[in-house]
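Participant: Structure file target-v4.txt, compact mmCIF, C-alpha atoms, is pasted below:
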```
# COMPACT_ATOMS: atom_id res chain seq x y z
CA MET S 22 -1.33 -86.44 -106.07
CA ASN S 23 0.85 -89.14 -107.63
CA PHE S 24 1.56 -88.19 -111.26
CA TYR S 25 0.43 -91.52 -112.72
CA LEU S 26 -2.82 -91.52 -110.78
CA ASN S 27 -3.44 -87.90 -111.72
CA ALA S 28 -2.71 -88.63 -115.41
CA PHE S 29 -4.94 -91.71 -115.37
CA ALA S 30 -7.81 -89.81 -113.74
CA THR S 31 -7.47 -86.90 -116.17
CA PHE S 32 -7.64 -89.14 -119.25
CA PHE S 33 -10.38 -91.31 -117.73
CA LYS S 34 -12.48 -88.17 -117.34
CA ILE S 35 -11.73 -87.13 -120.94
CA GLY S 36 -12.58 -90.64 -122.18
CA LEU S 37 -15.85 -90.55 -120.27
CA PHE S 38 -17.11 -87.27 -121.69
CA THR S 39 -16.13 -87.33 -125.36
CA ILE S 40 -18.95 -88.61 -127.47
CA GLY S 41 -18.45 -88.95 -131.22
CA GLY S 42 -15.12 -90.71 -131.66
CA GLY S 43 -11.46 -90.04 -131.02
CA TYR S 44 -11.19 -86.65 -132.68
CA ALA S 45 -13.75 -85.23 -130.28
CA MET S 46 -11.15 -85.82 -127.56
CA VAL S 47 -8.58 -83.39 -128.98
CA PRO S 48 -9.98 -80.12 -127.60
CA LEU S 49 -10.49 -81.70 -124.16
CA ILE S 50 -6.97 -83.11 -124.06
CA GLU S 51 -5.62 -79.70 -125.08
CA GLU S 52 -7.58 -77.97 -122.31
CA GLU S 53 -6.28 -80.36 -119.63
CA VAL S 54 -2.73 -81.02 -120.80
CA VAL S 55 -1.74 -77.60 -122.18
CA ASN S 56 -3.93 -75.03 -120.43
CA ARG S 57 -4.64 -76.50 -117.01
CA LYS S 58 -1.84 -78.94 -116.09
CA LYS S 59 0.79 -77.28 -118.33
CA TRP S 60 2.41 -80.65 -119.06
CA LEU S 61 3.09 -79.60 -122.69
CA THR S 62 3.45 -76.33 -124.59
CA GLN S 63 1.09 -75.50 -127.45
CA GLU S 64 3.81 -76.31 -130.04
CA GLU S 65 4.66 -79.67 -128.49
CA PHE S 66 0.97 -80.52 -128.42
CA ILE S 67 0.56 -79.82 -132.16
CA ASP S 68 3.66 -81.84 -133.08
CA LEU S 69 2.49 -84.86 -131.11
CA LEU S 70 -0.96 -84.51 -132.63
CA ALA S 71 0.37 -84.47 -136.21
CA VAL S 72 2.47 -87.60 -135.71
CA SER S 73 -0.30 -89.47 -133.89
CA GLN S 74 -2.58 -88.80 -136.85
CA SER S 75 -0.16 -90.35 -139.33
CA VAL S 76 0.35 -93.56 -137.35
CA PRO S 77 -2.06 -96.48 -137.78
CA GLY S 78 -4.33 -97.55 -134.94
CA VAL S 79 -6.86 -95.85 -132.71
CA PHE S 80 -5.95 -92.19 -132.90
CA ALA S 81 -6.92 -91.23 -129.32
CA VAL S 82 -4.91 -94.16 -127.97
CA ASN S 83 -1.87 -93.26 -130.08
CA PHE S 84 -2.08 -89.69 -128.90
CA SER S 85 -2.37 -90.69 -125.22
CA ILE S 86 0.59 -93.06 -125.52
CA PHE S 87 2.68 -90.37 -127.21
CA ILE S 88 1.90 -87.72 -124.58
CA GLY S 89 2.44 -90.20 -121.74
CA TYR S 90 5.74 -91.41 -123.17
CA LYS S 91 7.01 -87.89 -123.63
CA LEU S 92 6.15 -87.04 -120.02
CA LYS S 93 7.15 -90.20 -118.11
CA LYS S 94 8.33 -92.87 -120.58
CA PHE S 95 6.55 -96.24 -120.60
CA PRO S 96 4.70 -95.99 -117.23
CA GLY S 97 3.36 -92.61 -118.34
CA ALA S 98 2.20 -94.02 -121.67
CA LEU S 99 0.47 -96.89 -119.89
CA SER S 100 -1.41 -94.75 -117.38
CA LEU S 101 -2.65 -92.23 -119.97
CA ALA S 102 -3.68 -94.89 -122.49
CA LEU S 103 -5.51 -96.95 -119.85
CA GLY S 104 -7.35 -93.83 -118.76
CA ALA S 105 -8.43 -93.12 -122.34
CA ILE S 106 -9.46 -96.72 -123.11
CA LEU S 107 -11.24 -97.88 -119.94
CA PRO S 108 -14.41 -95.71 -119.97
CA SER S 109 -15.17 -96.72 -123.55
CA PHE S 110 -14.46 -100.40 -122.81
CA LEU S 111 -16.62 -100.52 -119.68
CA ILE S 112 -19.58 -98.69 -121.22
CA ILE S 113 -19.63 -100.81 -124.38
CA LEU S 114 -19.27 -103.99 -122.37
CA ALA S 115 -22.28 -103.01 -120.28
CA ILE S 116 -24.26 -102.22 -123.44
CA SER S 117 -23.24 -105.50 -125.13
CA LEU S 118 -24.47 -107.44 -122.11
CA PHE S 119 -27.95 -105.97 -122.41
CA PHE S 120 -28.34 -104.93 -126.04
CA HIS S 121 -29.40 -108.37 -127.28
CA GLN S 122 -32.36 -108.32 -124.92
CA PHE S 123 -33.16 -104.72 -125.92
CA LYS S 124 -33.33 -105.65 -129.57
CA GLU S 125 -36.25 -108.03 -128.95
CA TYR S 126 -38.54 -105.01 -128.51
CA GLU S 127 -40.18 -103.80 -131.71
CA ALA S 128 -39.80 -100.13 -130.74
CA VAL S 129 -36.02 -100.55 -130.39
CA GLU S 130 -35.81 -102.23 -133.79
CA ASN S 131 -37.86 -99.37 -135.32
CA ILE S 132 -35.60 -96.76 -133.75
CA PHE S 133 -32.60 -98.53 -135.26
CA LYS S 134 -34.35 -98.72 -138.65
CA GLY S 135 -34.34 -94.91 -138.56
CA ILE S 136 -30.79 -94.66 -137.25
CA ARG S 137 -29.02 -96.99 -139.73
CA PRO S 138 -29.34 -94.79 -142.87
CA ALA S 139 -28.32 -91.77 -140.78
CA VAL S 140 -25.14 -93.51 -139.65
CA VAL S 141 -24.23 -94.26 -143.28
CA ALA S 142 -24.70 -90.55 -144.02
CA LEU S 143 -22.52 -89.60 -141.03
CA ILE S 144 -19.74 -91.76 -142.43
CA ALA S 145 -20.17 -90.35 -145.95
CA ALA S 146 -20.22 -86.68 -144.89
CA PRO S 147 -16.63 -86.31 -143.52
CA THR S 148 -15.21 -87.90 -146.71
CA PHE S 149 -15.41 -84.51 -148.36
CA SER S 150 -13.86 -82.48 -145.57
CA MET S 151 -11.12 -85.10 -145.26
CA ALA S 152 -10.47 -84.83 -149.01
CA LYS S 153 -9.66 -81.17 -148.44
CA SER S 154 -7.15 -81.79 -145.64
CA ALA S 155 -5.55 -84.67 -147.59
CA LYS S 156 -4.95 -82.13 -150.42
CA ILE S 157 -6.92 -84.02 -153.08
CA CYS S 158 -6.59 -82.29 -156.48
CA LYS S 159 -7.16 -83.27 -160.13
CA TYR S 160 -3.83 -85.13 -160.24
CA ASN S 161 -4.42 -87.48 -157.32
CA VAL S 162 -8.24 -87.69 -157.18
CA TRP S 163 -7.99 -91.08 -158.95
CA ILE S 164 -6.37 -92.58 -155.82
CA PRO S 165 -9.38 -92.26 -153.49
CA VAL S 166 -11.82 -93.09 -156.32
CA VAL S 167 -9.97 -96.26 -157.37
CA SER S 168 -9.42 -97.27 -153.72
CA ALA S 169 -13.10 -96.88 -152.91
CA LEU S 170 -14.20 -98.78 -156.04
CA LEU S 171 -11.78 -101.66 -155.42
CA ILE S 172 -13.10 -102.10 -151.89
CA TRP S 173 -16.75 -101.58 -152.78
CA MET S 174 -17.08 -103.44 -156.13
CA LEU S 175 -14.37 -106.11 -155.86
CA GLY S 176 -14.24 -106.59 -152.10
CA VAL S 177 -10.49 -105.87 -151.90
CA SER S 178 -9.30 -105.64 -148.28
CA PRO S 179 -8.44 -102.05 -147.23
CA VAL S 180 -5.24 -103.45 -145.68
CA TYR S 181 -3.88 -104.05 -149.21
CA ILE S 182 -5.00 -100.60 -150.39
CA ILE S 183 -3.06 -98.96 -147.54
CA ALA S 184 0.04 -101.07 -148.18
CA ILE S 185 0.00 -100.38 -151.94
CA ALA S 186 -0.62 -96.65 -151.45
CA GLY S 187 2.33 -96.37 -149.03
CA ILE S 188 4.66 -98.31 -151.33
CA GLY S 189 3.39 -96.32 -154.34
CA GLY S 190 4.11 -93.04 -152.57
CA PHE S 191 7.59 -94.27 -151.65
CA ILE S 192 8.42 -95.35 -155.24
CA TYR S 193 6.98 -92.12 -156.68
CA GLY S 194 9.08 -90.06 -154.26
CA ARG S 195 12.20 -92.06 -155.10
CA LEU S 196 11.70 -91.65 -158.88
CA LYS S 197 11.09 -87.94 -158.44
CA THR S 198 14.32 -87.43 -156.47
CA GLN S 199 16.27 -89.45 -159.08
CA ASN S 200 14.90 -87.35 -161.94
CA SER S 201 15.73 -84.03 -160.32
CA MET R 1 -9.93 -121.04 -132.26
CA LEU R 2 -12.11 -117.95 -131.91
CA TYR R 3 -9.95 -116.08 -129.40
CA LEU R 4 -6.76 -116.46 -131.40
CA GLU R 5 -8.62 -115.32 -134.54
CA LEU R 6 -10.06 -112.33 -132.65
CA PHE R 7 -6.60 -111.43 -131.40
CA LEU R 8 -4.94 -111.72 -134.81
CA THR R 9 -7.75 -109.89 -136.63
CA PHE R 10 -7.81 -106.94 -134.25
CA PHE R 11 -4.04 -106.81 -134.03
CA GLN R 12 -3.99 -106.52 -137.83
CA ILE R 13 -6.70 -103.82 -137.71
CA GLY R 14 -4.67 -101.87 -135.15
CA LEU R 15 -1.53 -102.27 -137.21
CA PHE R 16 -2.98 -101.20 -140.56
CA GLY R 17 -5.82 -98.94 -139.44
CA PHE R 18 -4.70 -95.64 -140.91
CA GLY R 19 -6.81 -92.51 -140.85
CA GLY R 20 -8.62 -92.84 -137.54
CA GLY R 21 -12.19 -93.77 -136.59
CA TYR R 22 -14.28 -93.90 -139.70
CA ALA R 23 -11.52 -94.93 -142.10
CA MET R 24 -10.77 -97.82 -139.72
CA LEU R 25 -14.41 -98.84 -139.85
CA SER R 26 -14.16 -100.07 -143.44
CA MET R 27 -11.32 -102.32 -142.36
CA ILE R 28 -13.14 -103.59 -139.27
CA GLN R 29 -16.21 -104.21 -141.37
CA GLY R 30 -14.26 -106.07 -144.07
CA GLU R 31 -12.77 -108.41 -141.49
CA VAL R 32 -15.64 -108.79 -139.07
CA VAL R 33 -18.63 -108.91 -141.46
CA THR R 34 -17.22 -110.03 -144.82
CA SER R 35 -14.26 -112.31 -144.00
CA HIS R 36 -15.16 -113.85 -140.64
CA GLY R 37 -18.94 -113.41 -140.52
CA TRP R 38 -18.84 -112.67 -136.78
CA LEU R 39 -21.53 -110.00 -137.16
CA SER R 40 -24.24 -109.31 -139.77
CA ALA R 41 -24.16 -106.01 -141.72
CA SER R 42 -27.02 -104.60 -139.61
CA GLU R 43 -25.38 -105.67 -136.33
CA PHE R 44 -22.28 -103.83 -137.53
CA THR R 45 -24.25 -100.67 -138.31
CA ASP R 46 -25.81 -100.90 -134.84
CA ILE R 47 -22.39 -100.79 -133.19
CA VAL R 48 -21.49 -97.72 -135.28
CA ALA R 49 -24.69 -96.08 -134.04
CA ILE R 50 -23.98 -97.10 -130.44
CA SER R 51 -20.42 -95.79 -130.78
CA GLN R 52 -21.78 -92.44 -131.88
CA MET R 53 -23.93 -92.19 -128.78
CA THR R 54 -21.39 -93.44 -126.25
CA PRO R 55 -18.09 -91.88 -125.25
CA GLY R 56 -14.71 -92.97 -126.49
CA PRO R 57 -12.84 -93.84 -129.67
CA ILE R 58 -14.84 -95.82 -132.23
CA GLY R 59 -11.99 -98.34 -132.68
CA ILE R 60 -12.15 -99.30 -128.99
CA ASN R 61 -15.94 -99.34 -128.94
CA SER R 62 -16.17 -101.65 -131.93
CA ALA R 63 -13.41 -104.01 -130.72
CA THR R 64 -15.13 -104.36 -127.34
CA TYR R 65 -18.54 -104.95 -128.91
CA VAL R 66 -17.34 -107.33 -131.64
CA GLY R 67 -15.26 -109.40 -129.18
CA TYR R 68 -18.28 -109.91 -126.96
CA THR R 69 -20.83 -110.47 -129.74
CA ALA R 70 -18.61 -112.86 -131.72
CA ALA R 71 -18.25 -115.11 -128.66
CA ILE R 72 -21.99 -114.97 -127.89
CA ASN R 73 -22.92 -115.67 -131.54
CA ALA R 74 -20.56 -118.67 -131.43
CA GLY R 75 -22.58 -120.04 -128.50
CA TYR R 76 -20.30 -119.12 -125.59
CA SER R 77 -21.52 -117.76 -122.22
CA HIS R 78 -21.37 -114.14 -120.94
CA VAL R 79 -18.07 -114.71 -119.14
CA TRP R 80 -16.46 -115.94 -122.36
CA GLY R 81 -18.06 -112.97 -124.12
CA ILE R 82 -16.32 -110.62 -121.71
CA LEU R 83 -13.05 -112.46 -122.33
CA GLY R 84 -13.66 -111.99 -126.08
CA SER R 85 -14.07 -108.25 -125.64
CA ILE R 86 -10.90 -108.04 -123.53
CA THR R 87 -9.02 -110.01 -126.21
CA ALA R 88 -10.18 -107.81 -129.10
CA THR R 89 -9.63 -104.53 -127.23
CA PHE R 90 -6.16 -105.54 -126.04
CA ALA R 91 -5.24 -106.69 -129.57
CA VAL R 92 -6.40 -103.47 -131.23
CA VAL R 93 -4.31 -101.23 -128.93
CA LEU R 94 -1.18 -103.42 -128.76
CA PRO R 95 0.22 -102.24 -132.14
CA SER R 96 -0.33 -98.64 -130.98
CA PHE R 97 1.90 -99.27 -127.97
CA ILE R 98 4.65 -100.91 -130.01
CA LEU R 99 4.54 -98.37 -132.85
CA MET R 100 4.05 -95.21 -130.81
CA ILE R 101 6.89 -95.98 -128.42
CA ALA R 102 9.25 -96.77 -131.29
CA ILE R 103 8.10 -93.62 -133.09
CA SER R 104 8.35 -91.41 -130.00
CA LYS R 105 12.06 -92.22 -129.98
CA PHE R 106 12.72 -91.47 -133.63
CA PHE R 107 10.12 -89.00 -134.82
CA LEU R 108 12.04 -85.81 -134.27
CA LYS R 109 14.99 -87.25 -136.17
CA TYR R 110 13.19 -88.45 -139.31
CA GLN R 111 9.99 -86.41 -139.34
CA LYS R 112 11.08 -84.20 -142.24
CA HIS R 113 12.84 -86.91 -144.24
CA PRO R 114 11.64 -86.70 -147.89
CA MET R 115 11.08 -90.46 -148.12
CA VAL R 116 8.79 -90.41 -145.08
CA GLU R 117 6.88 -87.52 -146.57
CA ALA R 118 6.60 -89.38 -149.90
CA VAL R 119 5.00 -92.40 -148.22
CA PHE R 120 2.44 -90.16 -146.55
CA LYS R 121 1.69 -88.44 -149.87
CA GLY R 122 0.51 -91.83 -151.13
CA LEU R 123 -1.31 -92.78 -147.95
CA ARG R 124 -3.40 -89.65 -147.36
CA PRO R 125 -5.49 -89.81 -150.59
CA ALA R 126 -6.02 -93.58 -150.13
CA VAL R 127 -7.36 -92.96 -146.63
CA VAL R 128 -10.04 -90.68 -148.16
CA GLY R 129 -10.97 -93.59 -150.47
CA LEU R 130 -11.30 -95.93 -147.48
CA LEU R 131 -13.72 -93.53 -145.86
CA ALA R 132 -15.86 -93.33 -149.01
CA ALA R 133 -15.81 -97.13 -149.31
CA ALA R 134 -16.99 -97.52 -145.70
CA ALA R 135 -20.14 -95.56 -146.59
CA LEU R 136 -20.69 -97.33 -149.95
CA VAL R 137 -20.32 -100.82 -148.48
CA LEU R 138 -22.97 -100.05 -145.86
CA MET R 139 -25.60 -99.07 -148.43
CA THR R 140 -27.29 -102.47 -148.25
CA PRO R 141 -30.93 -103.64 -148.12
CA GLU R 142 -30.25 -104.60 -144.49
CA ASN R 143 -29.63 -100.95 -143.63
CA PHE R 144 -31.97 -99.22 -146.08
CA GLY R 145 -34.73 -101.78 -146.68
CA SER R 146 -35.37 -103.24 -150.12
CA TYR R 147 -37.13 -101.29 -152.91
CA GLN R 148 -38.91 -104.46 -154.10
CA THR R 149 -40.24 -105.80 -150.82
CA ASP R 150 -40.70 -102.71 -148.65
CA LYS R 151 -41.00 -99.56 -150.72
CA SER R 152 -41.99 -97.31 -147.80
CA GLN R 153 -39.01 -98.27 -145.62
CA PHE R 154 -36.70 -97.77 -148.60
CA ILE R 155 -38.04 -94.27 -149.32
CA VAL R 156 -37.97 -93.24 -145.65
CA SER R 157 -34.38 -94.53 -145.42
CA ILE R 158 -33.27 -92.49 -148.44
CA LEU R 159 -34.90 -89.37 -146.96
CA ILE R 160 -33.22 -89.96 -143.57
CA PHE R 161 -29.89 -90.45 -145.34
CA LEU R 162 -30.24 -87.14 -147.21
CA VAL R 163 -31.39 -85.20 -144.15
CA ALA R 164 -28.52 -86.60 -142.05
CA PHE R 165 -25.95 -85.94 -144.78
CA ILE R 166 -27.02 -82.36 -145.47
CA GLY R 167 -27.75 -81.62 -141.81
CA THR R 168 -24.31 -82.58 -140.55
CA ARG R 169 -22.36 -81.31 -143.53
CA LYS R 170 -24.11 -78.06 -144.44
CA PHE R 171 -25.71 -77.04 -141.15
CA LYS R 172 -23.15 -78.57 -138.76
CA VAL R 173 -25.77 -80.40 -136.70
CA SER R 174 -23.94 -82.51 -134.12
CA PRO R 175 -23.80 -86.23 -135.03
CA ILE R 176 -25.23 -87.22 -131.63
CA LEU R 177 -28.25 -84.94 -132.05
CA MET R 178 -28.69 -86.25 -135.61
CA ILE R 179 -28.77 -89.87 -134.45
CA VAL R 180 -31.23 -89.09 -131.69
CA LEU R 181 -33.52 -87.27 -134.16
CA CYS R 182 -33.36 -90.07 -136.76
CA GLY R 183 -34.03 -92.68 -134.07
CA LEU R 184 -37.07 -90.65 -133.03
CA ALA R 185 -38.18 -90.49 -136.68
CA GLY R 186 -37.86 -94.28 -136.95
CA TRP R 187 -39.90 -94.76 -133.78
CA LEU R 188 -42.67 -92.43 -135.01
CA LEU R 189 -42.75 -93.52 -138.67
CA TYR R 190 -42.55 -97.32 -138.53
```
When written as structure tokens, how does the structure in this file appear?
Facilitator:
Amino acid sequence: MNFYLNAFATFFKIGLFTIGGGYAMVPLIEEEVVNRKKWLTQEEFIDLLAVSQSVPGVFAVNFSIFIGYKLKKFPGALSLALGAILPSFLIILAISLFFHQFKEYEAVENIFKGIRPAVVALIAAPTFSMAKSAKICKYNVWIPVVSALLIWMLGVSPVYIIAIAGIGGFIYGRLKTQNS
Amino acid sequence: MLYLELFLTFFQIGLFGFGGGYAMLSMIQGEVVTSHGWLSASEFTDIVAISQMTPGPIGINSATYVGYTAAINAGYSHVWGILGSITATFAVVLPSFILMIAISKFFLKYQKHPMVEAVFKGLRPAVVGLLAAAALVLMTPENFGSYQTDKSQFIVSILIFLVAFIGTRKFKVSPILMIVLCGLAGWLLY
């Protein structure tokens, strides 16, 4: 089969079966790209993963573009990314078209009354595991706390928080190298 | 012009959305609910719930949903709604294309540069803060009910929150199963 078609179909299938956000896609991409198709080695896969995580944007899309570009330059990036995006786009579009009618039913509204607090909990829960992988310790714990309070209490846009944190890290690193 | 605003807003979200799915949500929410008022807080929570139950990245799911709903809420027809979702989805992935292709070319060269590492040392802890803020900002009477007007809904909501938090964090219950169970609880209790 044509490489681009094969790549598109592979990522379309992955996009179709990963429920629970972009990170749920990682093990499936690994299975297809490293173990089955052998397009990348294990080491290459981990490198691409690490960089994709540090770049802004939708992680699964970044990752697909990176893998595709490494394999077949721009056309590769396009076919993998389209494969990853399309299932999600089509399903949500179908839901949007009908959801407004659904919501008229009282039972649906009651179900969502139960779901909404759970979703808030699902967002809160990974904060703590993420704190571990971001290496939060007593010296830098003020950064997430102040960031969260600025957004929550004062309504500061997260865009500014990200920009300031990046610039702050850069200045801190520069001062540290000058001192040593 | 709604479509231009959708494009610019989601382009900005794609460009500055560090930290993946949930961290991006606080940014999407800030723009879509607080700044532009395209969706209400409870409509926004609904799309998070729908995203959890449907396949695909949450950033794509929410762009598609917001693009459609913003056009419908502004009084446009279904066709214009579909165009809205195409606009928002295209805008949110465009920065990824530009950035990732530029980065693919240079990453091996500068990956270990101390200045690059310094920037990420500042970014990573802030991303954790964004995630915490996304949860805090959603703790509204729209999502939990109000203690004054509907005590029972408020108490049930707090219980559901605690069960979902402990269930997923301590007992590793899958988020999809958790949402299904809490939806069932809502259906039976209300």
Participant: I want to know what sits within 10 Å of Gly30 of chain R, based on only C-alpha atoms, with residues of the same chain fewer than 6 positions away left out; could you give that as a list in words?
Facilitator: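 With the cut-off at 10 Å, the set is Ile172, Gly176, Val177, Ser178, Pro179 and Val180 of chain S; Met24, His36, Gly37, Ala134 and Val137 of chain R.
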Participant: Return the single residue from S:Phe133, S:Phe191, S:Phe32, S:Trp163 that is closest to Thr45 of chain R, with distances computed using only C-alpha atoms.
Facilitator: S:Phe133
Participant: One decimal, Å: what's the distance from atom CA of Met115 of chain R over to atom CA of Gln63 of chain S, could you say?
Facilitator: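 Spanning atom CA of Met115 of chain R to atom CA of Gln63 of chain S is a straight-line distance of 27.4 Å.
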Participant: For atom CA of Ala155 of chain S and atom CA of Ala169 of chain S, determine how far apart the two atoms are, in Å to one decimal place.
Facilitator: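 Computing the Euclidean distance for atom CA of Ala155 of chain S and atom CA of Ala169 of chain S yields 15.3 Å.
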Participant: Could you build a table of the residues in segment 113-198 of chain S lying no more than 10 Å from segment 62-75 of chain R, giving for each the nearest pair of atoms and their separation in Å rounded to one decimal place, using all atoms listed in the file, ordered by chain and ascending residue number, as JSON lines?
Facilitator:
```
{"residue": "S:Ile113", "atom": "CA", "partner": "R:Tyr65", "partner_atom": "CA", "distance": 6.2}
{"residue": "S:Leu114", "atom": "CA", "partner": "R:Thr64", "partner_atom": "CA", "distance": 6.5}
{"residue": "S:Ala115", "atom": "CA", "partner": "R:Tyr65", "partner_atom": "CA", "distance": 9.6}
{"residue": "S:Ile116", "atom": "CA", "partner": "R:Tyr65", "partner_atom": "CA", "distance": 8.4}
{"residue": "S:Ser117", "atom": "CA", "partner": "R:Tyr65", "partner_atom": "CA", "distance": 6.1}
{"residue": "S:Leu118", "atom": "CA", "partner": "R:Tyr68", "partner_atom": "CA", "distance": 8.2}
{"residue": "S:His121", "atom": "CA", "partner": "R:Thr69", "partner_atom": "CA", "distance": 9.2}
```
Participant: Show me a table, sorted first by chain and then by increasing residue number, of the residues of chain S having an atom at most 6 Å from chain R, each with its shortest atom pair and the distance in Å to one decimal, counting only C-alpha atoms and written as CSV.
Facilitator:
```
residue,atom,partner,partner_atom,distance
S:Gly36,CA,R:Gly56,CA,5.3
S:Leu37,CA,R:Pro55,CA,5.6
S:Phe38,CA,R:Pro55,CA,5.9
S:Thr39,CA,R:Pro55,CA,5.0
S:Ile40,CA,R:Pro55,CA,4.0
S:Gly41,CA,R:Gln52,CA,4.9
S:Gly42,CA,R:Pro57,CA,4.4
S:Gly43,CA,R:Pro57,CA,4.3
S:Pro77,CA,R:Phe18,CA,4.2
S:Gly78,CA,R:Gly14,CA,4.3
S:Val79,CA,R:Gly59,CA,5.7
S:Phe80,CA,R:Gly20,CA,5.4
S:Asn83,CA,R:Ser96,CA,5.7
S:Ser109,CA,R:Gly56,CA,4.8
S:Asn131,CA,R:Trp187,CA,5.3
S:Ile132,CA,R:Gly183,CA,4.4
S:Lys134,CA,R:Gly186,CA,5.9
S:Gly135,CA,R:Gly186,CA,3.9
S:Ile136,CA,R:Gly183,CA,5.0
S:Arg137,CA,R:Asn143,CA,5.6
S:Pro138,CA,R:Phe161,CA,5.0
S:Ala139,CA,R:Phe161,CA,5.0
S:Val141,CA,R:Ala135,CA,5.4
S:Ala142,CA,R:Phe165,CA,4.8
S:Ile144,CA,R:Ala135,CA,5.6
S:Ala145,CA,R:Ala135,CA,5.2
S:Ala146,CA,R:Phe165,CA,5.8
S:Thr148,CA,R:Leu131,CA,5.9
S:Ala152,CA,R:Val128,CA,5.9
S:Ala155,CA,R:Arg124,CA,5.4
S:Ile164,CA,R:Ala126,CA,5.8
S:Pro165,CA,R:Gly129,CA,3.7
S:Val166,CA,R:Gly129,CA,5.9
S:Ser168,CA,R:Gly129,CA,5.1
S:Ala169,CA,R:Ala133,CA,4.5
S:Trp173,CA,R:Val137,CA,5.6
S:Pro179,CA,R:Met27,CA,5.7
S:Ala186,CA,R:Gly122,CA,5.0
S:Gly187,CA,R:Val119,CA,4.9
S:Gly190,CA,R:Gly122,CA,4.1
S:Phe191,CA,R:Val119,CA,4.7
S:Gly194,CA,R:Ala118,CA,5.1
```
Participant: Grab the atom CA of Ile35 of chain S to atom CA of Asn23 of chain S distance for me, in Å with one decimal place.
Facilitator: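 So the answer is 18.4 Å.
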Participant: Centre and edge lengths of an axis-aligned box around all listed atoms of segment 122-131 of chain R, with 3 Å added on each side, are to be given in Å to one decimal, as JSON.
Facilitator:
```
{"center_x": -6.6, "center_y": -92.8, "center_z": -148.5, "size_x": 20.2, "size_y": 12.3, "size_z": 11.3}
```
Participant: Give the answer as one residue: which of R:Ala102, R:Ile155, R:Phe171, R:Ala91 has the shortest atom-to-atom distance to Leu4 of chain R, using all atoms listed in the file?
Facilitator: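 So, comparing all the options, the nearest one is R:Ala91.
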Participant: Extract segment 90-94 of chain R from the coordinates I pasted, and write it as an mmCIF file, in the first residue's frame (atoms kept: all heavy atoms).
Facilitator:
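For reference, result.cif as written:
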```cif
data_model
loop_
_atom_site.group_PDB
_atom_site.id
_atom_site.type_symbol
_atom_site.label_atom_id
_atom_site.label_comp_id
_atom_site.auth_asym_id
_atom_site.auth_seq_id
_atom_site.Cartn_x
_atom_site.Cartn_y
_atom_site.Cartn_z
ATOM 1 N N PHE R 90 -8.975 24.020 12.370
ATOM 2 C CA PHE R 90 -7.833 24.354 11.523
ATOM 3 C C PHE R 90 -6.908 25.328 12.258
ATOM 4 O O PHE R 90 -5.688 25.156 12.274
ATOM 5 C CB PHE R 90 -8.328 24.963 10.203
ATOM 6 C CG PHE R 90 -7.235 25.445 9.299
ATOM 7 C CD1 PHE R 90 -6.410 24.541 8.653
ATOM 8 C CD2 PHE R 90 -7.023 26.805 9.106
ATOM 9 C CE1 PHE R 90 -5.382 24.983 7.829
ATOM 10 C CE2 PHE R 90 -6.003 27.257 8.274
ATOM 11 C CZ PHE R 90 -5.179 26.340 7.639
ATOM 12 N N ALA R 91 -7.491 26.336 12.921
ATOM 13 C CA ALA R 91 -6.688 27.353 13.601
ATOM 14 C C ALA R 91 -5.899 26.768 14.765
ATOM 15 O O ALA R 91 -4.756 27.161 15.004
ATOM 16 C CB ALA R 91 -7.584 28.484 14.102
ATOM 17 N N VAL R 92 -6.484 25.785 15.466
ATOM 18 C CA VAL R 92 -5.793 25.256 16.651
ATOM 19 C C VAL R 92 -4.620 24.349 16.252
ATOM 20 O O VAL R 92 -3.638 24.235 16.995
ATOM 21 C CB VAL R 92 -6.782 24.564 17.626
ATOM 22 C CG1 VAL R 92 -7.060 23.127 17.257
ATOM 23 C CG2 VAL R 92 -6.280 24.665 19.057
ATOM 24 N N VAL R 93 -4.677 23.722 15.066
ATOM 25 C CA VAL R 93 -3.565 22.852 14.670
ATOM 26 C C VAL R 93 -2.523 23.561 13.794
ATOM 27 O O VAL R 93 -1.408 23.072 13.654
ATOM 28 C CB VAL R 93 -4.023 21.556 13.956
ATOM 29 C CG1 VAL R 93 -4.899 20.741 14.870
ATOM 30 C CG2 VAL R 93 -4.705 21.831 12.648
ATOM 31 N N LEU R 94 -2.864 24.732 13.249
ATOM 32 C CA LEU R 94 -1.928 25.432 12.369
ATOM 33 C C LEU R 94 -0.602 25.774 13.060
ATOM 34 O O LEU R 94 0.470 25.511 12.499
ATOM 35 C CB LEU R 94 -2.592 26.687 11.780
ATOM 36 C CG LEU R 94 -1.833 27.384 10.658
ATOM 37 C CD1 LEU R 94 -1.606 26.449 9.479
ATOM 38 C CD2 LEU R 94 -2.590 28.633 10.194
#
```
